[in-house]
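Structure data (mmCIF, N, CA and C atoms, pLDDT in the B column; chains and numbers go by the auth columns) from protein_7.cif:
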```cif
data_coords
#
loop_
_atom_site.group_PDB
_atom_site.id
_atom_site.type_symbol
_atom_site.label_atom_id
_atom_site.label_comp_id
_atom_site.label_asym_id
_atom_site.label_seq_id
_atom_site.Cartn_x
_atom_site.Cartn_y
_atom_site.Cartn_z
_atom_site.B_iso_or_equiv
_atom_site.auth_seq_id
_atom_site.auth_asym_id
ATOM 1 N N MET A 1 128.127 106.320 157.430 81.00 1 A
ATOM 2 C CA MET A 1 127.780 105.966 156.075 81.00 1 A
ATOM 3 C C MET A 1 127.724 104.447 155.945 81.00 1 A
ATOM 4 N N ALA A 2 126.872 104.000 155.086 92.00 2 A
ATOM 5 C CA ALA A 2 126.686 102.569 154.873 92.00 2 A
ATOM 6 C C ALA A 2 127.632 102.040 153.792 92.00 2 A
ATOM 7 N N THR A 3 127.943 100.777 153.899 93.00 3 A
ATOM 8 C CA THR A 3 128.765 100.103 152.899 93.00 3 A
ATOM 9 C C THR A 3 127.852 99.323 151.969 93.00 3 A
ATOM 10 N N VAL A 4 128.106 99.421 150.675 90.00 4 A
ATOM 11 C CA VAL A 4 127.311 98.702 149.676 90.00 4 A
ATOM 12 C C VAL A 4 128.238 97.879 148.789 90.00 4 A
ATOM 13 N N LYS A 5 127.653 96.878 148.156 87.00 5 A
ATOM 14 C CA LYS A 5 128.405 96.021 147.235 87.00 5 A
ATOM 15 C C LYS A 5 128.255 96.548 145.811 87.00 5 A
ATOM 16 N N GLU A 6 129.350 96.527 145.085 90.00 6 A
ATOM 17 C CA GLU A 6 129.340 96.846 143.655 90.00 6 A
ATOM 18 C C GLU A 6 130.075 95.743 142.916 90.00 6 A
ATOM 19 N N LYS A 7 129.767 95.586 141.679 90.00 7 A
ATOM 20 C CA LYS A 7 130.458 94.626 140.810 90.00 7 A
ATOM 21 C C LYS A 7 130.488 93.227 141.418 90.00 7 A
ATOM 22 N N GLU A 8 129.349 92.798 141.938 91.00 8 A
ATOM 23 C CA GLU A 8 129.271 91.462 142.539 91.00 8 A
ATOM 24 C C GLU A 8 129.287 90.406 141.436 91.00 8 A
ATOM 25 N N THR A 9 130.104 89.385 141.618 92.00 9 A
ATOM 26 C CA THR A 9 130.199 88.293 140.654 92.00 9 A
ATOM 27 C C THR A 9 130.227 86.960 141.398 92.00 9 A
ATOM 28 N N ALA A 10 129.947 85.894 140.675 94.00 10 A
ATOM 29 C CA ALA A 10 129.992 84.557 141.269 94.00 10 A
ATOM 30 C C ALA A 10 130.688 83.609 140.297 94.00 10 A
ATOM 31 N N LYS A 11 131.328 82.603 140.879 96.00 11 A
ATOM 32 C CA LYS A 11 132.042 81.590 140.104 96.00 11 A
ATOM 33 C C LYS A 11 131.737 80.235 140.723 96.00 11 A
ATOM 34 N N LEU A 12 131.591 79.244 139.888 96.00 12 A
ATOM 35 C CA LEU A 12 131.353 77.879 140.349 96.00 12 A
ATOM 36 C C LEU A 12 132.542 77.029 139.923 96.00 12 A
ATOM 37 N N THR A 13 133.103 76.283 140.873 96.00 13 A
ATOM 38 C CA THR A 13 134.210 75.385 140.570 96.00 13 A
ATOM 39 C C THR A 13 133.759 73.954 140.832 96.00 13 A
ATOM 40 N N VAL A 14 133.881 73.124 139.813 96.00 14 A
ATOM 41 C CA VAL A 14 133.539 71.707 139.934 96.00 14 A
ATOM 42 C C VAL A 14 134.853 70.948 139.975 96.00 14 A
ATOM 43 N N ASN A 15 135.144 70.342 141.115 96.00 15 A
ATOM 44 C CA ASN A 15 136.370 69.550 141.276 96.00 15 A
ATOM 45 C C ASN A 15 136.056 68.103 140.931 96.00 15 A
ATOM 46 N N VAL A 16 136.879 67.525 140.066 95.00 16 A
ATOM 47 C CA VAL A 16 136.669 66.150 139.619 95.00 16 A
ATOM 48 C C VAL A 16 137.875 65.290 139.981 95.00 16 A
ATOM 49 N N GLU A 17 137.605 64.011 140.197 95.00 17 A
ATOM 50 C CA GLU A 17 138.680 63.050 140.456 95.00 17 A
ATOM 51 C C GLU A 17 139.252 62.635 139.108 95.00 17 A
ATOM 52 N N SER A 18 140.488 63.043 138.843 93.00 18 A
ATOM 53 C CA SER A 18 141.054 62.845 137.508 93.00 18 A
ATOM 54 C C SER A 18 141.972 61.636 137.397 93.00 18 A
ATOM 55 N N GLY A 19 142.000 60.788 138.406 92.00 19 A
ATOM 56 C CA GLY A 19 142.835 59.597 138.361 92.00 19 A
ATOM 57 C C GLY A 19 143.556 59.406 139.678 92.00 19 A
ATOM 58 N N VAL A 20 144.588 58.581 139.641 93.00 20 A
ATOM 59 C CA VAL A 20 145.403 58.335 140.833 93.00 20 A
ATOM 60 C C VAL A 20 146.878 58.511 140.469 93.00 20 A
ATOM 61 N N ASP A 21 147.665 58.920 141.458 93.00 21 A
ATOM 62 C CA ASP A 21 149.098 59.064 141.204 93.00 21 A
ATOM 63 C C ASP A 21 149.809 57.727 141.444 93.00 21 A
ATOM 64 N N GLU A 22 151.118 57.735 141.313 94.00 22 A
ATOM 65 C CA GLU A 22 151.884 56.494 141.420 94.00 22 A
ATOM 66 C C GLU A 22 151.817 55.862 142.813 94.00 22 A
ATOM 67 N N SER A 23 151.454 56.656 143.836 95.00 23 A
ATOM 68 C CA SER A 23 151.333 56.101 145.187 95.00 23 A
ATOM 69 C C SER A 23 149.895 55.703 145.535 95.00 23 A
ATOM 70 N N GLY A 24 148.991 55.834 144.570 93.00 24 A
ATOM 71 C CA GLY A 24 147.610 55.419 144.775 93.00 24 A
ATOM 72 C C GLY A 24 146.683 56.494 145.326 93.00 24 A
ATOM 73 N N LYS A 25 147.185 57.738 145.491 95.00 25 A
ATOM 74 C CA LYS A 25 146.346 58.829 145.985 95.00 25 A
ATOM 75 C C LYS A 25 145.553 59.431 144.834 95.00 25 A
ATOM 76 N N VAL A 26 144.312 59.813 145.127 94.00 26 A
ATOM 77 C CA VAL A 26 143.438 60.397 144.109 94.00 26 A
ATOM 78 C C VAL A 26 143.961 61.771 143.693 94.00 26 A
ATOM 79 N N LYS A 27 143.998 62.020 142.385 96.00 27 A
ATOM 80 C CA LYS A 27 144.360 63.332 141.844 96.00 27 A
ATOM 81 C C LYS A 27 143.071 64.061 141.496 96.00 27 A
ATOM 82 N N TYR A 28 143.094 65.384 141.637 95.00 28 A
ATOM 83 C CA TYR A 28 141.921 66.198 141.364 95.00 28 A
ATOM 84 C C TYR A 28 142.221 67.243 140.297 95.00 28 A
ATOM 85 N N ALA A 29 141.205 67.616 139.555 95.00 29 A
ATOM 86 C CA ALA A 29 141.292 68.698 138.585 95.00 29 A
ATOM 87 C C ALA A 29 140.072 69.586 138.789 95.00 29 A
ATOM 88 N N ALA A 30 140.220 70.869 138.476 96.00 30 A
ATOM 89 C CA ALA A 30 139.136 71.829 138.670 96.00 30 A
ATOM 90 C C ALA A 30 138.597 72.308 137.333 96.00 30 A
ATOM 91 N N ARG A 31 137.290 72.409 137.258 94.00 31 A
ATOM 92 C CA ARG A 31 136.594 72.968 136.097 94.00 31 A
ATOM 93 C C ARG A 31 135.775 74.150 136.604 94.00 31 A
ATOM 94 N N SER A 32 135.940 75.324 135.999 95.00 32 A
ATOM 95 C CA SER A 32 135.279 76.529 136.504 95.00 32 A
ATOM 96 C C SER A 32 134.256 77.080 135.532 95.00 32 A
ATOM 97 N N ILE A 33 133.193 77.614 136.094 95.00 33 A
ATOM 98 C CA ILE A 33 132.165 78.337 135.347 95.00 33 A
ATOM 99 C C ILE A 33 132.186 79.762 135.892 95.00 33 A
ATOM 100 N N MET A 34 132.539 80.712 135.053 94.00 34 A
ATOM 101 C CA MET A 34 132.701 82.096 135.485 94.00 34 A
ATOM 102 C C MET A 34 131.435 82.909 135.213 94.00 34 A
ATOM 103 N N ASN A 35 131.365 84.069 135.841 92.00 35 A
ATOM 104 C CA ASN A 35 130.336 85.082 135.595 92.00 35 A
ATOM 105 C C ASN A 35 128.914 84.592 135.829 92.00 35 A
ATOM 106 N N LEU A 36 128.724 83.801 136.885 93.00 36 A
ATOM 107 C CA LEU A 36 127.364 83.415 137.266 93.00 36 A
ATOM 108 C C LEU A 36 126.667 84.608 137.900 93.00 36 A
ATOM 109 N N ASP A 37 125.357 84.652 137.785 92.00 37 A
ATOM 110 C CA ASP A 37 124.575 85.679 138.448 92.00 37 A
ATOM 111 C C ASP A 37 124.681 85.463 139.954 92.00 37 A
ATOM 112 N N PRO A 38 125.168 86.443 140.714 91.00 38 A
ATOM 113 C CA PRO A 38 125.314 86.254 142.159 91.00 38 A
ATOM 114 C C PRO A 38 123.981 86.060 142.879 91.00 38 A
ATOM 115 N N ALA A 39 122.879 86.422 142.241 92.00 39 A
ATOM 116 C CA ALA A 39 121.559 86.237 142.847 92.00 39 A
ATOM 117 C C ALA A 39 121.063 84.794 142.712 92.00 39 A
ATOM 118 N N LEU A 40 121.788 83.972 141.975 93.00 40 A
ATOM 119 C CA LEU A 40 121.423 82.570 141.789 93.00 40 A
ATOM 120 C C LEU A 40 121.390 81.866 143.147 93.00 40 A
ATOM 121 N N SER A 41 120.340 81.099 143.396 94.00 41 A
ATOM 122 C CA SER A 41 120.236 80.414 144.685 94.00 41 A
ATOM 123 C C SER A 41 121.298 79.315 144.789 94.00 41 A
ATOM 124 N N ASP A 42 121.619 78.929 146.019 94.00 42 A
ATOM 125 C CA ASP A 42 122.592 77.859 146.233 94.00 42 A
ATOM 126 C C ASP A 42 122.094 76.544 145.644 94.00 42 A
ATOM 127 N N ASP A 43 120.787 76.286 145.746 96.00 43 A
ATOM 128 C CA ASP A 43 120.219 75.064 145.161 96.00 43 A
ATOM 129 C C ASP A 43 120.416 75.043 143.653 96.00 43 A
ATOM 130 N N ASP A 44 120.136 76.171 143.002 95.00 44 A
ATOM 131 C CA ASP A 44 120.301 76.240 141.547 95.00 44 A
ATOM 132 C C ASP A 44 121.775 76.124 141.160 95.00 44 A
ATOM 133 N N ALA A 45 122.660 76.736 141.939 94.00 45 A
ATOM 134 C CA ALA A 45 124.097 76.644 141.656 94.00 45 A
ATOM 135 C C ALA A 45 124.561 75.195 141.759 94.00 45 A
ATOM 136 N N ARG A 46 124.082 74.466 142.769 95.00 46 A
ATOM 137 C CA ARG A 46 124.457 73.056 142.928 95.00 46 A
ATOM 138 C C ARG A 46 123.963 72.235 141.752 95.00 46 A
ATOM 139 N N VAL A 47 122.734 72.487 141.311 95.00 47 A
ATOM 140 C CA VAL A 47 122.182 71.749 140.168 95.00 47 A
ATOM 141 C C VAL A 47 123.017 72.024 138.917 95.00 47 A
ATOM 142 N N ILE A 48 123.387 73.271 138.692 95.00 48 A
ATOM 143 C CA ILE A 48 124.230 73.611 137.546 95.00 48 A
ATOM 144 C C ILE A 48 125.565 72.880 137.647 95.00 48 A
ATOM 145 N N GLY A 49 126.160 72.860 138.839 94.00 49 A
ATOM 146 C CA GLY A 49 127.413 72.148 139.041 94.00 49 A
ATOM 147 C C GLY A 49 127.288 70.662 138.771 94.00 49 A
ATOM 148 N N GLU A 50 126.189 70.064 139.213 94.00 50 A
ATOM 149 C CA GLU A 50 125.974 68.635 138.971 94.00 50 A
ATOM 150 C C GLU A 50 125.775 68.350 137.484 94.00 50 A
ATOM 151 N N LEU A 51 125.012 69.197 136.805 95.00 51 A
ATOM 152 C CA LEU A 51 124.802 69.011 135.368 95.00 51 A
ATOM 153 C C LEU A 51 126.109 69.176 134.600 95.00 51 A
ATOM 154 N N TYR A 52 126.876 70.191 134.954 94.00 52 A
ATOM 155 C CA TYR A 52 128.170 70.419 134.314 94.00 52 A
ATOM 156 C C TYR A 52 129.112 69.248 134.604 94.00 52 A
ATOM 157 N N GLY A 53 129.081 68.774 135.836 92.00 53 A
ATOM 158 C CA GLY A 53 129.896 67.622 136.209 92.00 53 A
ATOM 159 C C GLY A 53 129.531 66.381 135.426 92.00 53 A
ATOM 160 N N GLY A 54 128.250 66.239 135.094 92.00 54 A
ATOM 161 C CA GLY A 54 127.802 65.103 134.300 92.00 54 A
ATOM 162 C C GLY A 54 128.367 65.091 132.897 92.00 54 A
ATOM 163 N N LEU A 55 128.830 66.244 132.436 93.00 55 A
ATOM 164 C CA LEU A 55 129.439 66.334 131.104 93.00 55 A
ATOM 165 C C LEU A 55 130.925 65.964 131.117 93.00 55 A
ATOM 166 N N GLN A 56 131.481 65.812 132.313 90.00 56 A
ATOM 167 C CA GLN A 56 132.906 65.533 132.444 90.00 56 A
ATOM 168 C C GLN A 56 133.179 64.025 132.343 90.00 56 A
ATOM 169 N N ALA A 57 134.394 63.698 131.966 91.00 57 A
ATOM 170 C CA ALA A 57 134.791 62.293 131.856 91.00 57 A
ATOM 171 C C ALA A 57 135.062 61.674 133.222 91.00 57 A
ATOM 172 N N TYR A 58 135.281 62.522 134.237 92.00 58 A
ATOM 173 C CA TYR A 58 135.646 62.037 135.571 92.00 58 A
ATOM 174 C C TYR A 58 134.529 62.320 136.569 92.00 58 A
ATOM 175 N N PRO A 59 134.472 61.564 137.676 93.00 59 A
ATOM 176 C CA PRO A 59 133.434 61.792 138.681 93.00 59 A
ATOM 177 C C PRO A 59 133.662 63.088 139.463 93.00 59 A
ATOM 178 N N VAL A 60 132.556 63.735 139.842 95.00 60 A
ATOM 179 C CA VAL A 60 132.609 64.974 140.608 95.00 60 A
ATOM 180 C C VAL A 60 132.964 64.669 142.060 95.00 60 A
ATOM 181 N N SER A 61 133.890 65.445 142.590 95.00 61 A
ATOM 182 C CA SER A 61 134.285 65.330 143.993 95.00 61 A
ATOM 183 C C SER A 61 133.559 66.379 144.835 95.00 61 A
ATOM 184 N N THR A 62 133.694 67.649 144.447 96.00 62 A
ATOM 185 C CA THR A 62 133.040 68.738 145.168 96.00 62 A
ATOM 186 C C THR A 62 132.591 69.826 144.199 96.00 62 A
ATOM 187 N N ILE A 63 131.614 70.607 144.647 97.00 63 A
ATOM 188 C CA ILE A 63 131.145 71.779 143.911 97.00 63 A
ATOM 189 C C ILE A 63 131.310 72.966 144.852 97.00 63 A
ATOM 190 N N VAL A 64 132.061 73.979 144.407 97.00 64 A
ATOM 191 C CA VAL A 64 132.370 75.133 145.246 97.00 64 A
ATOM 192 C C VAL A 64 131.836 76.391 144.577 97.00 64 A
ATOM 193 N N ARG A 65 131.117 77.201 145.365 96.00 65 A
ATOM 194 C CA ARG A 65 130.620 78.478 144.864 96.00 65 A
ATOM 195 C C ARG A 65 131.419 79.587 145.536 96.00 65 A
ATOM 196 N N GLN A 66 131.906 80.543 144.737 95.00 66 A
ATOM 197 C CA GLN A 66 132.631 81.698 145.266 95.00 66 A
ATOM 198 C C GLN A 66 131.953 82.954 144.768 95.00 66 A
ATOM 199 N N THR A 67 131.629 83.840 145.691 94.00 67 A
ATOM 200 C CA THR A 67 131.013 85.112 145.347 94.00 67 A
ATOM 201 C C THR A 67 131.938 86.226 145.824 94.00 67 A
ATOM 202 N N SER A 68 132.121 87.228 144.989 94.00 68 A
ATOM 203 C CA SER A 68 132.967 88.346 145.391 94.00 68 A
ATOM 204 C C SER A 68 132.297 89.670 144.976 94.00 68 A
ATOM 205 N N ALA A 69 132.685 90.724 145.666 93.00 69 A
ATOM 206 C CA ALA A 69 132.140 92.049 145.371 93.00 69 A
ATOM 207 C C ALA A 69 133.129 93.103 145.822 93.00 69 A
ATOM 208 N N VAL A 70 133.022 94.266 145.220 93.00 70 A
ATOM 209 C CA VAL A 70 133.784 95.416 145.644 93.00 70 A
ATOM 210 C C VAL A 70 132.924 96.162 146.674 93.00 70 A
ATOM 211 N N LEU A 71 133.491 96.433 147.848 94.00 71 A
ATOM 212 C CA LEU A 71 132.760 97.133 148.901 94.00 71 A
ATOM 213 C C LEU A 71 133.117 98.621 148.855 94.00 71 A
ATOM 214 N N VAL A 72 132.089 99.454 148.771 94.00 72 A
ATOM 215 C CA VAL A 72 132.305 100.903 148.712 94.00 72 A
ATOM 216 C C VAL A 72 131.402 101.593 149.720 94.00 72 A
ATOM 217 N N GLU A 73 131.792 102.779 150.097 91.00 73 A
ATOM 218 C CA GLU A 73 130.989 103.569 151.005 91.00 73 A
ATOM 219 C C GLU A 73 129.893 104.269 150.223 91.00 73 A
ATOM 220 N N GLU A 74 128.687 104.203 150.741 87.00 74 A
ATOM 221 C CA GLU A 74 127.535 104.783 150.048 87.00 74 A
ATOM 222 C C GLU A 74 127.529 106.286 150.193 87.00 74 A
#
```
Using structure tokens, write down the structure that the file contains.
Amino acid sequence: MATVKEKETAKLTVNVESGVDESGKVKYAARSIMNLDPALSDDDARVIGELYGGLQAYPVSTIVRQTSAVLVEE
């Protein structure tokens, strides 16, 4: 039997540099966008992350895409 995906979802996390600590190391904060269409291309996801990051007070460090699904037997 084949395995299929159900309930596939995607999330985008935009990590921003939120300042420095007392020892001078950069601190980071995460901003998440939930319930993205998992069929969204990686290019489009990056553009969304960059646009969302542009709305933040701090500079963007990284953009992370996470996709998850429930695997069931067909």
key: Output of the PyMOL selection byres ((chain A and resi 1-17) around 5), listed as a list in words   =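 So the PyMOL selection byres ((chain A and resi 1-17) around 5) ends up selecting Ser18, Gly19, Lys27, Tyr28, Ala29, Ala30, Arg31, Ser32, Ile33, Met34, Asn35, Leu36, Pro38, Pro59, Val60, Ser61, Thr62, Ile63, Val64, Arg65, Gln66, Thr67, Ser68, Ala69, Val70, Leu71, Val72, Glu73 and Glu74 of chain A.
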ask   = What does the distance between CA of Val20 (chain A) and CA of Ala57 (chain A) come to in Å, to one decimal place?
value = 14.5 Å
request  = Using atom C of Asp43 (chain A) and atom N of Tyr58 (chain A) as the two end points, give the distance in Å to one decimal.
outcome  =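 Atom N of Tyr58 (chain A) lies 21.6 Å from atom C of Asp43 (chain A).
The two atoms in question, atom N of Gly49 (chain A) and atom N of Asp37 (chain A), are spaced 11.9 Å apart.
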Report, as AutoDock Vina command-line options, the axis-aligned box around all atoms of region 29-47 of chain A present in the file, extended by 4 Å on each side; give centre and edge lengths in Å to one decimal place.
```
--center_x 130.7 --center_y 77.0 --center_z 140.6 --size_x 29.2 --size_y 26.8 --size_z 19.2
```
request  = Could you tell me, as a PyMOL selection string, which residues of chain A DSSP assigns to strand (DSSP E or B) when given the backbone?
outcome  = chain A and resi 3-20+26-36+60-73
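Residues of chain A assigned to alpha helix (DSSP H) by DSSP on this structure's backbone: Asp42, Asp43, Asp44, Ala45, Arg46, Val47, Ile48, Gly49, Glu50, Leu51, Tyr52, Gly53 and Gly54 of chain A.
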